[in-house]
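Participant: Provided below: run.cif, containing mmCIF, C-alpha atoms.
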```cif
data_my_file
#
loop_
_atom_site.label_atom_id
_atom_site.label_comp_id
_atom_site.auth_asym_id
_atom_site.auth_seq_id
_atom_site.Cartn_x
_atom_site.Cartn_y
_atom_site.Cartn_z
CA ILE A 1 4.33 -15.77 4.26
CA LEU A 2 3.23 -15.16 0.70
CA ASN A 3 6.03 -13.72 -1.44
CA VAL A 4 4.95 -11.20 -4.07
CA GLU A 5 7.47 -10.30 -6.77
CA GLN A 6 7.23 -7.53 -9.34
CA SER A 7 9.21 -7.10 -12.52
CA PRO A 8 10.83 -5.12 -13.87
CA GLN A 9 12.06 -2.97 -11.01
CA SER A 10 12.02 0.10 -13.22
CA LEU A 11 11.10 0.95 -16.78
CA HIS A 12 11.72 3.92 -19.05
CA VAL A 13 9.51 4.29 -22.11
CA GLN A 14 8.74 6.95 -24.68
CA GLU A 15 5.39 8.69 -24.84
CA GLY A 16 3.03 6.62 -26.95
CA ASP A 17 4.70 3.28 -26.20
CA SER A 18 2.62 0.51 -24.73
CA THR A 19 4.09 -1.33 -21.80
CA ASN A 20 3.36 -4.05 -19.30
CA PHE A 21 4.58 -5.23 -15.91
CA THR A 22 4.34 -8.51 -14.07
CA CYS A 23 3.30 -9.42 -10.56
CA SER A 24 3.90 -12.99 -9.44
CA PHE A 25 2.65 -14.68 -6.31
CA PRO A 26 2.39 -18.22 -4.94
CA SER A 27 -0.79 -19.66 -6.41
CA SER A 28 -1.66 -21.51 -3.22
CA ASN A 29 -3.11 -19.53 -0.32
CA PHE A 30 -4.46 -16.79 -2.60
CA TYR A 31 -7.71 -14.83 -2.46
CA ALA A 32 -7.23 -11.38 -3.98
CA LEU A 33 -4.75 -9.36 -6.04
CA HIS A 34 -4.59 -5.56 -5.90
CA TRP A 35 -2.88 -3.03 -8.18
CA TYR A 36 -2.10 0.50 -6.99
CA ARG A 37 -0.58 3.54 -8.70
CA TRP A 38 1.66 5.71 -6.53
CA GLU A 39 2.64 9.07 -7.97
CA THR A 40 5.37 11.09 -6.34
CA ALA A 41 4.13 13.21 -3.41
CA LYS A 42 0.68 11.63 -3.59
CA SER A 43 -1.01 8.70 -1.92
CA PRO A 44 -1.19 5.26 -3.53
CA GLU A 45 -4.42 4.94 -5.47
CA ALA A 46 -6.26 1.67 -6.04
CA LEU A 47 -6.48 0.68 -9.70
CA PHE A 48 -7.91 -2.84 -9.59
CA VAL A 49 -8.84 -5.61 -7.20
CA MET A 50 -9.20 -9.04 -8.76
CA THR A 51 -10.10 -12.39 -7.30
CA LEU A 52 -11.16 -14.75 -10.09
CA ASN A 53 -8.89 -16.72 -12.39
CA GLY A 54 -9.09 -15.18 -15.85
CA ASP A 55 -10.31 -11.84 -14.50
CA GLU A 56 -9.61 -8.89 -16.78
CA LYS A 57 -10.22 -5.33 -15.66
CA LYS A 58 -9.85 -2.05 -17.54
CA LYS A 59 -9.66 1.60 -16.55
CA GLY A 60 -9.08 3.92 -19.48
CA ARG A 61 -5.74 2.96 -21.07
CA ILE A 62 -4.79 0.66 -18.20
CA SER A 63 -5.86 -2.94 -17.95
CA ALA A 64 -4.94 -5.95 -15.85
CA THR A 65 -5.28 -9.71 -16.09
CA LEU A 66 -5.11 -12.42 -13.45
CA ASN A 67 -3.99 -16.03 -13.61
CA THR A 68 -4.44 -17.61 -10.20
CA LYS A 69 -3.46 -21.11 -11.32
CA GLU A 70 0.04 -20.09 -12.37
CA GLY A 71 0.29 -17.20 -9.93
CA TYR A 72 0.72 -14.03 -11.98
CA SER A 73 -0.98 -10.82 -12.97
CA TYR A 74 -0.09 -8.45 -15.80
CA LEU A 75 -0.71 -4.72 -15.86
CA TYR A 76 -0.84 -3.14 -19.32
CA ILE A 77 -0.66 0.52 -20.23
CA LYS A 78 -1.61 1.37 -23.80
CA GLY A 79 -0.09 4.48 -25.34
CA SER A 80 1.83 5.64 -22.27
CA GLN A 81 1.63 9.31 -21.35
CA PRO A 82 3.96 11.33 -19.10
CA GLU A 83 1.20 11.45 -16.47
CA ASP A 84 1.41 7.65 -16.23
CA SER A 85 4.83 8.05 -14.62
CA ALA A 86 4.48 6.50 -11.18
CA THR A 87 5.35 3.46 -9.12
CA TYR A 88 2.92 0.61 -9.67
CA LEU A 89 2.40 -1.66 -6.69
CA CYS A 90 0.76 -5.03 -6.59
CA ALA A 91 -0.36 -6.85 -3.46
CA GLY A 92 -1.76 -10.32 -3.02
CA GLY A 93 -2.91 -12.53 -0.23
CA TYR A 94 -5.46 -14.73 1.44
CA ASN A 95 -6.26 -13.14 4.80
CA LYS A 96 -3.87 -10.21 4.58
CA LEU A 97 -2.11 -8.41 1.74
CA ILE A 98 1.57 -8.79 0.95
CA PHE A 99 3.01 -6.04 -1.25
CA GLY A 100 5.61 -6.34 -3.96
CA ALA A 101 8.44 -3.81 -4.16
CA GLY A 102 6.83 -2.03 -7.11
CA THR A 103 7.68 -1.17 -10.69
CA ARG A 104 8.80 2.41 -11.25
CA LEU A 105 7.64 3.68 -14.64
CA ALA A 106 9.03 6.82 -16.26
CA VAL A 107 7.37 8.00 -19.48
CA HIS A 108 9.48 10.45 -21.45
CA PRO A 109 7.90 13.02 -23.80
CA ASP B 110 -14.22 10.06 -2.02
CA VAL B 111 -12.49 8.62 1.02
CA LYS B 112 -10.01 10.94 2.57
CA VAL B 113 -7.23 9.58 4.74
CA THR B 114 -5.21 12.32 6.38
CA GLN B 115 -1.86 11.90 8.02
CA SER B 116 -0.94 14.67 10.40
CA SER B 117 2.59 15.36 9.15
CA ARG B 118 4.25 15.04 5.77
CA TYR B 119 7.79 15.27 7.18
CA LEU B 120 9.08 14.69 10.69
CA VAL B 121 12.58 14.82 12.13
CA LYS B 122 13.07 13.31 15.57
CA ARG B 123 15.99 12.42 17.78
CA THR B 124 16.93 8.92 18.91
CA GLY B 125 15.04 7.99 22.06
CA GLU B 126 12.15 10.40 21.53
CA LYS B 127 8.58 9.20 21.72
CA VAL B 128 6.92 9.83 18.37
CA PHE B 129 3.24 9.93 17.50
CA LEU B 130 2.01 9.55 13.93
CA GLU B 131 -1.65 10.38 13.55
CA CYS B 132 -4.08 9.21 10.91
CA VAL B 133 -7.72 10.17 10.41
CA GLN B 134 -10.21 8.81 7.88
CA ASP B 135 -13.56 10.39 7.11
CA MET B 136 -15.59 7.51 5.63
CA ASP B 137 -16.50 5.47 8.67
CA HIS B 138 -14.23 2.59 7.64
CA GLU B 139 -13.84 -0.10 10.25
CA ASN B 140 -10.38 -1.19 9.19
CA MET B 141 -7.22 0.83 9.50
CA PHE B 142 -3.59 -0.08 8.84
CA TRP B 143 -0.08 1.25 9.31
CA TYR B 144 2.62 0.34 6.80
CA ARG B 145 6.20 1.39 6.32
CA GLN B 146 7.93 1.66 2.99
CA ASP B 147 11.67 1.34 2.55
CA PRO B 148 13.69 1.44 -0.69
CA GLY B 149 13.68 -1.86 -2.55
CA LEU B 150 11.06 -3.40 -0.29
CA GLY B 151 7.31 -3.71 -0.54
CA LEU B 152 5.05 -1.99 1.95
CA ARG B 153 5.32 -3.85 5.24
CA LEU B 154 2.44 -4.05 7.66
CA ILE B 155 3.20 -2.81 11.18
CA TYR B 156 -0.18 -2.95 12.90
CA PHE B 157 -3.82 -3.00 11.95
CA SER B 158 -7.17 -2.55 13.62
CA TYR B 159 -10.60 -3.89 12.73
CA ASP B 160 -12.51 -1.94 15.35
CA VAL B 161 -12.25 0.67 18.05
CA LYS B 162 -9.85 -0.34 20.85
CA MET B 163 -8.85 -3.38 18.84
CA LYS B 164 -5.36 -3.89 17.46
CA GLU B 165 -3.44 -6.70 15.85
CA LYS B 166 0.25 -7.06 15.10
CA GLY B 167 1.34 -7.08 11.52
CA ASP B 168 4.62 -8.40 10.17
CA ILE B 169 6.99 -5.93 11.84
CA PRO B 170 5.44 -4.64 15.09
CA GLU B 171 8.65 -4.49 17.14
CA GLY B 172 9.37 -1.01 18.43
CA TYR B 173 5.86 0.24 17.67
CA SER B 174 2.50 0.42 19.36
CA VAL B 175 -0.87 1.75 18.22
CA SER B 176 -3.96 3.35 19.63
CA ARG B 177 -7.50 3.38 18.30
CA GLU B 178 -9.77 5.19 20.72
CA LYS B 179 -12.15 6.46 18.04
CA LYS B 180 -13.23 4.79 14.83
CA GLU B 181 -11.83 7.50 12.58
CA ARG B 182 -8.41 7.82 14.20
CA PHE B 183 -5.51 5.36 14.28
CA SER B 184 -2.26 6.44 15.88
CA LEU B 185 1.14 4.85 15.48
CA ILE B 186 3.52 5.30 18.40
CA LEU B 187 7.26 4.86 18.39
CA GLU B 188 8.00 4.40 22.08
CA SER B 189 11.70 5.24 21.75
CA ALA B 190 12.66 6.20 18.22
CA SER B 191 15.71 4.60 16.70
CA THR B 192 17.59 5.34 13.49
CA ASN B 193 16.36 2.10 11.90
CA GLN B 194 12.84 3.50 12.12
CA THR B 195 13.72 6.19 9.59
CA SER B 196 11.21 5.43 6.86
CA MET B 197 8.08 6.46 4.97
CA TYR B 198 4.98 5.58 6.99
CA LEU B 199 1.66 5.09 5.25
CA CYS B 200 -1.72 4.85 6.90
CA ALA B 201 -4.60 3.16 5.09
CA SER B 202 -8.23 2.27 5.66
CA SER B 203 -10.66 -0.14 4.05
CA LEU B 204 -14.40 -0.54 4.16
CA HIS B 205 -14.55 -4.29 4.63
CA ARG B 206 -12.42 -6.70 6.59
CA GLU B 207 -11.99 -9.10 3.65
CA VAL B 208 -8.76 -8.92 1.71
CA ASP B 209 -10.59 -8.00 -1.50
CA SER B 210 -11.56 -4.62 -0.09
CA PRO B 211 -9.36 -1.90 -1.65
CA LEU B 212 -7.11 0.16 0.59
CA HIS B 213 -7.36 3.95 0.76
CA PHE B 214 -4.04 5.50 1.65
CA GLY B 215 -2.90 8.75 3.20
CA ASN B 216 -0.10 10.81 1.66
CA GLY B 217 2.51 9.33 3.94
CA THR B 218 4.80 10.69 6.66
CA ARG B 219 8.50 10.66 5.97
CA LEU B 220 10.17 10.22 9.35
CA THR B 221 13.86 10.82 9.90
CA VAL B 222 15.38 9.75 13.20
CA THR B 223 18.79 11.28 13.88
#
```
For this file, write the structure as structure tokens.
Facilitator:
Amino acid sequence: ILNVEQSPQSLHVQEGDSTNFTCSFPSSNFYALHWYRWETAKSPEALFVMTLNGDEKKKGRISATLNTKEGYSYLYIKGSQPEDSATYLCAGGYNKLIFGAGTRLAVHP
Amino acid sequence: DVKVTQSSRYLVKRTGEKVFLECVQDMDHENMFWYRQDPGLGLRLIYFSYDVKMKEKGDIPEGYSVSREKKERFSLILESASTNQTSMYLCASSLHREVDSPLHFGNGTRLTVT
């Protein structure tokens, strides 16, 4: 079974700070990497799906990169806002997705 | 926008009860999934289905069964609820079978078994 690890477990930042999280996965047996944002009392929402080594995707102030050879993906948030507070999940796999435990981000005004 | 609706946000059941968790999606997705989420762990796949009347075990199917009689509805059944099944349950659907198809999640059902 593919093991997907996320770090840090939790993060507290001030409004306006930029931040990033890591998702690592075994580089063998890989096909796709997903990032989701899960706000409290809401459903997880897909941010990005990436498959190619070197992929970079952007959505507003949030961007992600993928390195399939070394088995990691970074999620960046530029100029964090309180509404960015959420748990960020990554999931990777070949024929099914394995989820990491998530990074809980709190952005303080 | 895809809407995935789970029938209950909170449920409290007694040990030994039979519990049904219902999930409906409105975008004609072929694939549907049930996950559970526990503190400190990633989402774990219980069962999934790629078509009507079709089901496949995920990573933790013990103590659960599923039903998919119609394309839009995927039910998770706890045959005899136990306290270790207290958890957040998330239903999801996806358009394509391939693992690069994004998941669309419901809001979750927080089940407490006493």
Participant: Which residues match the PyMOL selection byres ((chain A) within 8 of (chain B)) in the file above, as a count of residues only?
Facilitator: 23
Participant: Any idea what's packed within 7 Å of Ala64 in chain A, counting only C-alpha atoms, ignoring anything in its chain fewer than 5 positions away? Could you give it as a PyMOL selection string?
Facilitator: chain A and resi 56-58+73-76
Participant: Quick one: which residues end up in the PyMOL selection byres ((chain A and resi 14-23) around 10) for this structure, as a PyMOL selection string?
Facilitator: chain A and resi 4-13+24-25+33-35+61-66+71-84+88-92+99-109
Participant: Just how far from CA of Phe157 in chain B is CA of His138 in chain B, in Å to one decimal?
Facilitator: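 Going from CA of His138 in chain B over to CA of Phe157 in chain B, I get 12.6 Å.
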Participant: If I take CA of Ser202 in chain B and CA of Asn67 in chain A, how far is one from the other in Å, to one decimal?
Facilitator: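 About the pair CA of Ser202 in chain B and CA of Asn67 in chain A: they are 26.9 Å apart.
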Participant: Work out how far apart CA of Asn3 in chain A and CA of Pro26 in chain A are and give it in Å to one decimal.
Facilitator: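 Separating CA of Asn3 in chain A from CA of Pro26 in chain A is a distance of 6.8 Å.
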Participant: As a check of understanding, name the residues that the PyMOL selection byres ((chain B and resi 192) around 8) selects in the supplied structure, as a list in words.
Facilitator: Thr124, Ala190, Ser191, Asn193, Gln194, Thr195, Thr221, Val222 and Thr223 of chain B
Participant: Please determine, counting all atoms listed in the file, which residue among B:Met197, B:Leu220, B:Val161, B:Ile186 has the shortest atom-to-atom distance to Glu139 in chain B.
Facilitator: B:Val161
Participant: Env of Glu178 in chain B: 10 Å cut, atoms = all atoms listed in the file, seq-sep filter 6 positions within chain, self excluded. Answer as a VMD selection string.
Facilitator: chain B and resid 160 to 163 184
Participant: Using only C-alpha atoms, find the one residue out of B:Asp135, B:Lys127, B:Leu185, B:Lys180 that sits nearest to Tyr156 in chain B.
Facilitator: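 Residue with the minimum atom-to-atom distance to Tyr156 in chain B: B:Leu185.
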Participant: Could you check the closest approach to Gln115 in chain B for each of B:Ser158, B:Ser196, B:Asn140, B:Gln134 and tell me which residue wins, using only C-alpha atoms?
Facilitator: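 Checking each of B:Ser158, B:Ser196, B:Asn140, B:Gln134 against Gln115 in chain B, counting only C-alpha atoms, the winner is B:Gln134.
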